[in-house]
Amino acid sequence: FPYTTLFRSLVLDPQVLVLDEPTAHQDEGHVALVLDAVRGAADAGGAVLMATHDASVLDACDRVVALVDGRTAPHPSVEGRSQSGGGGI
């Protein structure tokens with residue numbers, strides 16, 4: 001996921017941002033840039049839906065849902081975190 005594509009999208013101030021593996025193949029510095037940008041979009045009132053296999057991004061998320069056998073399930077590594085609606089990432 002080229003992070004330049006993400007930043008070009010954010011210039012349009014989207015209400016909904018759908019991202020597929022935005023931190024894949026990025027070094028730690030670029031992951032931080034991506035997460036800061038995505039967090040900024042969520043904090044500005046946008047909704048962000050992000051699919052990822054990168055467990056390091058979980059702390060940036062307000063809600064985490066796992067897919068197990070094609071169905072949604074609470075993610076086991078986020079005990080105590082909101083599993084219900086709400087804005088943010």
# chains A, B, ... in the order shown; residues from 1 in each chain; ligands from 1
call {"tool": "residues_around", "arguments": {"residues": "A:Asp54", "least_positions_apart": "4", "cutoff": "9 Å", "atoms": "only C-alpha atoms", "output": "MDAnalysis selection string"}}
result
chainID A and resid 21 23:24 58
call {"tool": "write_last_selection", "arguments": {"atoms": "C-alpha atoms", "output": "compact mmCIF listing (two decimals), in the first residue's frame"}}
result
# COMPACT_ATOMS: atom_id res chain seq x y z
CA GLU A 21 -3.17 -3.38 4.63
CA THR A 23 1.15 -0.64 6.74
CA ALA A 24 2.19 -3.69 4.69
CA LEU A 58 -3.93 -2.41 17.16
call {"tool": "residues_around", "arguments": {"residues": "A:Val16", "least_positions_apart": "3", "cutoff": "10 Å", "atoms": "only C-alpha atoms", "output": "number ranges by chain"}}
result
A: 13, 19, 41-42, 45-49
call {"tool": "closest_residue", "arguments": {"among": "A:Ala32, A:Ala73, A:His25, A:Ser9", "to": "A:Asp59", "atoms": "only C-alpha atoms"}}
result
A:Ala32
call {"tool": "atom_distance", "arguments": {"atom1": "atom CA of A:Ser56", "atom2": "atom CA of A:Leu33"}}
result
13.5 Å
call {"tool": "select_by_dssp", "arguments": {"residues": "chain A", "states": "strand (DSSP E)", "output": "list of chain:residue names"}}
result
A:Val16, A:Leu17, A:Val18, A:Leu19, A:Asp20, A:Ala47, A:Val48, A:Leu49, A:Met50, A:Ala51, A:Val65, A:Ala66, A:Leu67, A:Val68, A:Arg71, A:Thr72, A:Ala73, A:Pro74
call {"tool": "atom_distance", "arguments": {"atom1": "atom CA of A:Ala66", "atom2": "atom CA of A:Ala51"}}
result
9.5 Å
call {"tool": "closest_residue", "arguments": {"among": "A:Pro76, A:Gly70, A:Ala44, A:Ala55", "to": "A:Pro14", "atoms": "only C-alpha atoms"}}
result
A:Ala44
call {"tool": "residues_around", "arguments": {"residues": "A:Ala60", "least_positions_apart": "3", "cutoff": "12 Å", "atoms": "only C-alpha atoms", "output": "number ranges by chain"}}
result
A: 31-32, 34-40, 42-43, 48, 50, 54-57, 63-64, 78, 81, 88-89
call {"tool": "select_by_dssp", "arguments": {"residues": "chain A", "states": "helix (DSSP H, G or I)", "output": "VMD selection string"}}
result
chain A and resid 3 to 10 28 to 43 55 to 60 76 to 78
